[in-house]
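> Just query-v6.txt, nothing more (compact mmCIF, C-alpha atoms and all ligand atoms):
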# COMPACT_ATOMS: atom_id res chain seq x y z
CA MET Q 1 -47.19 -69.94 6.85
CA GLN Q 2 -48.50 -73.12 8.47
CA LEU Q 3 -51.36 -72.45 10.94
CA ARG Q 4 -52.00 -74.93 13.76
CA SER Q 5 -55.32 -74.71 15.53
CA PHE Q 6 -54.87 -73.72 19.17
CA GLN Q 7 -57.57 -74.49 21.68
CA PRO Q 8 -57.11 -73.17 25.19
CA GLN Q 9 -58.74 -75.16 28.01
CA ARG Q 10 -61.75 -72.91 28.25
CA PHE Q 11 -64.30 -71.82 25.69
CA THR Q 12 -63.05 -69.05 23.45
CA GLU Q 13 -65.10 -66.74 21.25
CA SER Q 14 -62.39 -66.24 18.66
CA ALA Q 15 -60.56 -68.78 16.51
CA LEU Q 16 -56.95 -69.05 17.69
CA PHE Q 17 -54.03 -70.46 15.73
CA ARG Q 18 -50.37 -70.99 16.39
CA ALA Q 19 -47.73 -70.48 13.75
CA THR Q 20 -43.97 -70.25 13.48
CA ALA Q 21 -42.28 -67.53 11.42
CA ASN Q 22 -38.53 -66.79 11.35
CA GLY Q 23 -38.12 -68.82 14.53
CA ASP Q 24 -40.79 -66.84 16.41
CA GLU Q 25 -43.76 -68.63 17.94
CA LEU Q 26 -46.89 -66.69 16.99
CA LEU Q 27 -50.52 -66.60 18.04
CA VAL Q 28 -53.04 -65.57 15.39
CA LYS Q 29 -56.38 -64.40 16.79
CA VAL Q 30 -59.18 -64.39 14.20
CA TYR Q 31 -62.31 -62.37 15.01
CA ASP Q 32 -65.71 -63.67 14.09
CA GLY Q 33 -69.16 -62.12 13.67
CA ARG Q 34 -70.62 -58.78 12.63
CA LEU Q 35 -68.41 -56.51 14.76
CA ALA Q 36 -65.24 -58.48 14.07
CA GLU Q 37 -63.33 -55.60 12.49
CA LEU Q 38 -64.31 -53.19 15.23
CA ARG Q 39 -63.21 -55.65 17.92
CA ARG Q 40 -59.89 -56.32 16.19
CA ASP Q 41 -59.25 -52.56 15.86
CA LEU Q 42 -60.13 -51.94 19.51
CA GLU Q 43 -57.87 -54.79 20.66
CA CYS Q 44 -55.01 -53.47 18.53
CA ARG Q 45 -55.47 -49.90 19.81
CA LYS Q 46 -55.57 -50.97 23.45
CA LEU Q 47 -52.58 -53.32 23.13
CA THR Q 48 -50.52 -50.45 21.71
CA HIS Q 49 -51.77 -47.96 24.30
CA TRP Q 50 -51.16 -50.25 27.28
CA ALA Q 51 -47.64 -51.03 26.05
CA ASP Q 52 -46.91 -47.30 25.55
CA SER Q 53 -48.20 -46.64 29.08
CA GLY Q 54 -45.78 -49.20 30.54
CA PHE Q 55 -48.09 -52.19 31.13
CA SER Q 56 -47.25 -55.70 30.09
CA VAL Q 57 -49.21 -56.93 27.04
CA PRO Q 58 -48.28 -58.97 23.95
CA ALA Q 59 -46.72 -57.03 21.09
CA VAL Q 60 -48.70 -56.67 17.86
CA PHE Q 61 -46.79 -57.95 14.85
CA ASP Q 62 -47.25 -56.45 11.42
CA ILE Q 63 -47.34 -59.81 9.66
CA THR Q 64 -49.68 -60.78 6.84
CA VAL Q 65 -51.13 -64.27 7.11
CA PRO Q 66 -52.29 -65.49 3.70
CA GLY Q 67 -55.61 -67.31 3.42
CA ILE Q 68 -57.54 -65.67 6.31
CA ASP Q 69 -60.46 -63.60 5.04
CA GLN Q 70 -61.64 -62.34 8.45
CA PRO Q 71 -60.02 -59.65 10.62
CA TYR Q 72 -57.07 -60.99 12.64
CA LEU Q 73 -54.13 -59.96 14.81
CA VAL Q 74 -50.71 -61.56 15.08
CA MET Q 75 -48.98 -61.60 18.48
CA PRO Q 76 -46.21 -63.60 20.11
CA PHE Q 77 -47.35 -66.92 21.55
CA ILE Q 78 -46.65 -66.60 25.26
CA GLU Q 79 -45.67 -69.79 27.13
CA SER Q 80 -47.78 -69.39 30.23
CA LEU Q 81 -50.55 -70.50 32.51
CA THR Q 82 -53.58 -68.30 32.87
CA LEU Q 83 -53.85 -66.66 36.29
CA SER Q 84 -56.97 -68.77 36.82
CA GLN Q 85 -55.00 -72.01 36.25
CA PHE Q 86 -52.25 -70.71 38.53
CA LEU Q 87 -54.67 -69.90 41.38
CA LYS Q 88 -56.59 -73.18 41.04
CA HIS Q 89 -53.48 -75.37 40.87
CA ARG Q 90 -53.81 -78.09 43.52
CA ASP Q 91 -50.15 -78.56 44.37
CA ARG Q 92 -49.07 -74.94 44.43
CA PRO Q 93 -48.55 -73.46 47.91
CA LEU Q 94 -51.22 -70.96 48.95
CA GLN Q 95 -48.48 -68.44 49.76
CA ASP Q 96 -47.30 -68.40 46.12
CA LYS Q 97 -50.85 -67.90 44.91
CA GLN Q 98 -51.44 -65.03 47.30
CA ALA Q 99 -48.12 -63.40 46.39
CA MET Q 100 -49.01 -63.63 42.69
CA LEU Q 101 -52.44 -62.15 43.25
CA SER Q 102 -51.01 -59.34 45.34
CA ALA Q 103 -48.56 -58.48 42.50
CA VAL Q 104 -51.45 -58.39 40.01
CA PHE Q 105 -53.50 -56.14 42.32
CA LYS Q 106 -50.54 -53.75 42.61
CA ASP Q 107 -50.12 -53.66 38.84
CA ASN Q 108 -53.86 -53.04 38.42
CA ALA Q 109 -53.78 -50.31 41.06
CA LEU Q 110 -50.98 -48.47 39.21
CA ARG Q 111 -52.97 -48.64 35.99
CA HIS Q 112 -56.22 -47.59 37.63
CA ASN Q 113 -54.58 -44.63 39.33
CA LEU Q 114 -53.16 -43.56 35.98
CA ALA Q 115 -56.55 -44.03 34.27
CA LEU Q 116 -58.22 -41.92 36.95
CA SER Q 117 -55.64 -39.14 37.01
CA THR Q 118 -55.55 -38.83 33.20
CA ASP Q 119 -59.23 -39.62 32.64
CA ASP Q 120 -58.25 -42.40 30.25
CA PRO Q 121 -60.92 -45.04 29.48
CA LEU Q 122 -58.50 -46.95 27.23
CA LEU Q 123 -56.62 -48.10 30.32
CA ILE Q 124 -59.67 -49.99 31.61
CA HIS Q 125 -59.99 -53.71 30.99
CA THR Q 126 -63.57 -54.36 29.89
CA ASP Q 127 -63.44 -58.15 30.29
CA PRO Q 128 -61.57 -58.43 33.58
CA ASN Q 129 -61.07 -62.01 34.61
CA THR Q 130 -58.29 -64.38 35.60
CA ASP Q 131 -58.29 -66.10 32.17
CA ASN Q 132 -57.20 -62.79 30.68
CA VAL Q 133 -54.00 -62.55 32.73
CA LEU Q 134 -51.15 -64.83 31.65
CA VAL Q 135 -48.53 -65.91 34.17
CA THR Q 136 -45.06 -66.34 32.68
CA ARG Q 137 -41.61 -66.88 34.20
CA GLY Q 138 -40.93 -63.17 33.81
CA GLY Q 139 -44.20 -61.81 35.25
CA THR Q 140 -47.79 -61.35 34.20
CA VAL Q 141 -49.20 -60.26 30.83
CA HIS Q 142 -52.69 -58.86 30.19
CA ILE Q 143 -54.63 -60.07 27.15
CA ASP Q 144 -58.05 -59.83 25.47
CA PHE Q 145 -59.03 -56.24 24.77
CA GLU Q 146 -61.63 -56.75 22.08
CA HIS Q 147 -64.74 -55.98 24.12
CA PRO Q 148 -66.17 -52.49 23.79
CA SER Q 149 -67.59 -50.96 26.96
CA LYS Q 150 -71.33 -51.76 27.11
CA LYS Q 151 -72.58 -48.38 28.30
CA LYS Q 152 -71.16 -44.90 28.36
CA LYS Q 153 -69.72 -44.41 31.84
CA SER Q 154 -67.20 -42.31 33.72
CA VAL Q 155 -63.67 -43.60 34.18
CA SER Q 156 -64.22 -43.91 37.94
CA GLN Q 157 -67.32 -46.03 37.37
CA ALA Q 158 -65.44 -48.21 34.88
CA VAL Q 159 -62.52 -48.64 37.30
CA ALA Q 160 -64.91 -49.67 40.09
CA GLN Q 161 -66.58 -52.19 37.78
CA GLU Q 162 -63.26 -53.65 36.71
CA ILE Q 163 -62.13 -54.01 40.34
CA ALA Q 164 -65.40 -55.65 41.40
CA ALA Q 165 -65.42 -58.16 38.54
CA PHE Q 166 -61.75 -59.05 38.78
CA VAL Q 167 -61.64 -59.64 42.53
CA ARG Q 168 -64.77 -61.79 42.31
CA ARG Q 169 -63.21 -63.98 39.63
CA ALA Q 170 -59.93 -64.27 41.53
CA SER Q 171 -61.77 -65.13 44.76
CA ASN Q 172 -63.64 -67.90 42.99
CA ASP Q 173 -60.37 -69.43 41.80
CA LEU Q 174 -59.20 -69.73 45.42
CA GLU Q 175 -61.21 -71.40 48.14
CA LYS Q 176 -63.91 -69.26 49.70
CA THR Q 177 -62.21 -69.31 53.11
CA HIS Q 178 -59.42 -67.13 51.67
CA LEU Q 179 -61.74 -64.26 50.77
CA PRO Q 180 -60.77 -61.99 53.73
CA THR Q 181 -57.06 -62.32 52.89
CA THR Q 182 -57.74 -61.55 49.23
CA ILE Q 183 -59.70 -58.41 50.09
CA ASP Q 184 -56.95 -57.36 52.53
CA SER Q 185 -54.33 -57.76 49.85
CA MET Q 186 -56.37 -55.78 47.32
CA PHE Q 187 -56.95 -53.02 49.88
CA SER Q 188 -53.24 -52.60 50.57
CA ALA Q 189 -52.42 -52.66 46.85
CA TYR Q 190 -54.72 -49.69 46.32
CA GLY Q 191 -53.35 -47.82 49.32
CA ARG Q 192 -56.61 -48.21 51.22
CA ASN Q 193 -58.41 -45.83 48.85
CA ARG Q 194 -61.75 -45.66 50.68
CA GLY Q 195 -63.54 -43.48 48.10
CA LEU Q 196 -62.77 -45.94 45.33
CA PHE Q 197 -63.90 -48.94 47.37
CA ARG Q 198 -67.07 -47.22 48.47
CA HIS Q 199 -67.83 -46.93 44.78
CA VAL Q 200 -67.10 -50.65 44.28
CA VAL Q 201 -69.45 -51.58 47.15
CA ASP Q 202 -72.19 -49.27 45.85
CA LEU Q 203 -72.25 -51.07 42.50
CA THR Q 204 -73.78 -53.97 44.39
CA ILE Q 205 -75.51 -52.67 47.49
CA GLY Q 206 -76.48 -49.28 46.04
CA ARG Q 207 -78.80 -50.75 43.44
CA PRO Q 208 -82.55 -50.30 43.85
CA LEU Q 209 -84.68 -53.29 44.91
CA GLN Q 210 -81.98 -54.61 47.24
CA PHE Q 211 -84.27 -57.12 48.94
CA ILE Q 212 -84.84 -58.92 45.62
CA HIS Q 213 -81.14 -59.00 44.73
CA ARG Q 214 -80.19 -60.18 48.24
CA HIS Q 215 -82.84 -62.87 48.12
CA LYS Q 216 -81.57 -64.13 44.73
CA ASP Q 217 -78.03 -64.10 46.08
CA ARG Q 218 -78.97 -66.23 49.13
CA THR Q 219 -80.92 -68.68 46.98
CA ARG Q 220 -77.97 -69.05 44.63
CA LYS Q 221 -75.59 -69.68 47.52
CA ARG Q 222 -77.85 -72.33 48.97
CA SER Q 223 -77.35 -74.47 45.86
CA HIS Q 224 -73.69 -73.41 45.36
CA PRO Q 225 -72.25 -72.85 48.86
CA GLN Q 226 -68.67 -72.51 47.60
CA ILE Q 227 -69.41 -69.71 45.16
CA VAL Q 228 -68.16 -66.18 45.90
CA THR Q 229 -70.85 -63.76 44.74
CA ARG Q 230 -70.80 -60.00 44.22
CA TYR Q 231 -72.52 -59.65 47.62
CA ASP Q 232 -69.75 -61.64 49.33
CA ILE Q 233 -67.27 -59.23 47.77
CA ALA Q 234 -69.27 -56.11 48.64
CA ASP Q 235 -69.86 -57.25 52.24
CA ALA Q 236 -66.19 -58.17 52.72
CA ILE Q 237 -65.00 -54.80 51.35
CA LYS Q 238 -67.54 -52.95 53.50
CA GLN Q 239 -65.89 -54.30 56.62
CA HIS Q 240 -62.76 -52.34 55.66
CA LEU Q 241 -64.55 -49.01 55.13
N1 LIG T 301 -50.57 -64.41 23.08
C1 LIG T 301 -51.00 -65.53 23.68
N2 LIG T 301 -50.12 -66.51 24.02
C2 LIG T 301 -50.53 -67.65 24.60
N3 LIG T 301 -51.81 -67.93 24.91
C3 LIG T 301 -52.74 -67.00 24.61
C4 LIG T 301 -52.39 -65.75 23.99
N4 LIG T 301 -53.52 -65.04 23.81
C5 LIG T 301 -54.53 -65.80 24.28
N5 LIG T 301 -54.08 -66.97 24.77
C6 LIG T 301 -54.90 -68.07 25.36
O1 LIG T 301 -56.14 -68.11 24.69
C7 LIG T 301 -57.23 -67.82 25.58
C8 LIG T 301 -58.28 -67.01 24.85
O2 LIG T 301 -57.70 -65.82 24.32
P1 LIG T 301 -58.44 -64.41 24.48
O3 LIG T 301 -57.64 -63.38 23.75
O4 LIG T 301 -58.71 -64.18 25.90
O5 LIG T 301 -59.78 -64.67 23.65
P2 LIG T 301 -61.33 -64.74 24.10
O6 LIG T 301 -61.89 -63.43 23.65
O7 LIG T 301 -61.87 -65.87 23.35
O8 LIG T 301 -61.41 -64.91 25.60
C9 LIG T 301 -56.57 -67.11 26.77
O9 LIG T 301 -57.31 -67.27 27.96
C10 LIG T 301 -55.22 -67.81 26.83
O10 LIG T 301 -55.35 -69.07 27.48
MG MG T 302 -60.37 -64.08 27.15
Starting from the coordinates I provided, produce the structure as structure tokens.


Amino acid sequence: MQLRSFQPQRFTESALFRATANGDELLVKVYDGRLAELRRDLECRKLTHWADSGFSVPAVFDITVPGIDQPYLVMPFIESLTLSQFLKHRDRPLQDKQAMLSAVFKDNALRHNLALSTDDPLLIHTDPNTDNVLVTRGGTVHIDFEHPSKKKKSVSQAVAQEIAAFVRRASNDLEKTHLPTTIDSMFSAYGRNRGLFRHVVDLTIGRPLQFIHRHKDRTRKRSHPQIVTRYDIADAIKQHL
């Protein structure tokens, strides 16, 4: 099998290759470092579990690739843009971007509700960002499940963390002026679940030593006025509570 190096636009921690086998376009993800095998196994487990639970992820192919001596996974290569590229695209109408984001929020809300009602940590994305959602002609696909959760936490805490991180990344892909609309759209996707969003807000404003964190946040925004920080997100959500 002929492997062609594949380099996405952004930095990637793993080595990625494209290959063609029996007419299928494949992506081979090779894991590096000490915990490579663990990360590959986790990614494989989550991909299978998300698919079984009805969420859109790449299939895992049982294909042996000769000549790779590190852990790897073989998946279909998905012709796509990342959600980040889609949201940042200069010529795309804002309406299309907001409709796409709203669909992703709804899909996330379904998954989070299922994770909460079944107490299922495997349904949490532990590296939630807009580079890990692929936009295809047929809909969106979630990728990149190799990261173990850093600390032991409850499912509700993990859901709140995923929501907070994802909405911050998405808001940074759009212009800052669109933040209120983004928060609105997320709120309706989750059926205005106040308890859940209180938890999201508390991750930021419930931490001890608030005055220090707030000060750092203001200083950061002075040098990067366009950035959407976790405080911008927390403050915007708070207005809905
Ligand atoms: N199955 C796939 N098909 C097409 N592109 C992919 C696929 N998987 C990953 N990519 C591209 O490679 C990038 C990095 O892959 P990812 O699994 O997120 O690895 P990393 O852990 O390095 O972030 C993604 O953001 C996406 O652009
Ligand atoms: Mg990634």

> Restricting the calculation to all atoms listed in the file, which member of Q:His112, Q:His49, Q:His147, Q:Lys88 is positioned closest to ligand MG 302 (chain T)?

Q:His147

> Can you work out which residues are within 6 Å of ligand LIG 301 (chain T), considering only C-alpha atoms and all ligand atoms, and then hand them over as a list in words?

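I would give the residues around ligand LIG 301 (chain T) as Pro8, Thr12, Glu13, Ser14, Leu27, Pro58, Met75, Pro76, Phe77, Ile78, Glu79, Thr82, Asp131, Asn132, Ile143 and Asp144 of chain Q.
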
> Just checking: using all atoms listed in the file, which residue out of Q:Arg198, Q:Lys29, Q:Lys97, Q:Arg169 ends up closest to Thr181 in chain Q?

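Closest to Thr181 in chain Q of all the choices is Q:Lys97.
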
> Write out as a PDB file with C-alpha atoms, in the frame of the given file which residues come within 7 Å of Tyr31 in chain Q when counting all atoms listed in the file, dropping same-chain ones fewer than 6 positions away.


ATOM      1  CA  SER Q  14     -62.390 -66.240  18.660  1.00  0.00           C
ATOM      2  CA  ALA Q  15     -60.560 -68.780  16.510  1.00  0.00           C
ATOM      3  CA  ARG Q  40     -59.890 -56.320  16.190  1.00  0.00           C
ATOM      4  CA  GLN Q  70     -61.640 -62.340   8.450  1.00  0.00           C
ATOM      5  CA  PRO Q  71     -60.020 -59.650  10.620  1.00  0.00           C
ATOM      6  CA  TYR Q  72     -57.070 -60.990  12.640  1.00  0.00           C
TER       7      TYR Q  72
END

> Go through Q:Gly67, Q:Gly206, Q:Gly54, Q:Pro128 and flag the residue nearest Met1 in chain Q, using all atoms listed in the file for the distances.

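Distance minimum relative to Met1 in chain Q lands on Q:Gly67.
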
> Set the distance at 7 Å and use all atoms listed in the file: which residues neighbour range 119-123 of chain Q once local chain neighbours fewer than 3 positions away are removed? I'd like the list as a list in words.

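The residues satisfying every condition are Lys46, Trp50, Arg111, Ala115, Leu116 and Val155 of chain Q.
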
> With distances taken over all atoms listed in the file, which of Q:Thr140, Q:Ser171, Q:Thr130, Q:Gln161 is nearest to ligand MG 302 (chain T)?

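Result for the nearest residue to ligand MG 302 (chain T): Q:Thr130.
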
> May I ask for the distance between CA of Asp96 in chain Q and CA of Val133 in chain Q, given in Å to one decimal place?

16.1 Å
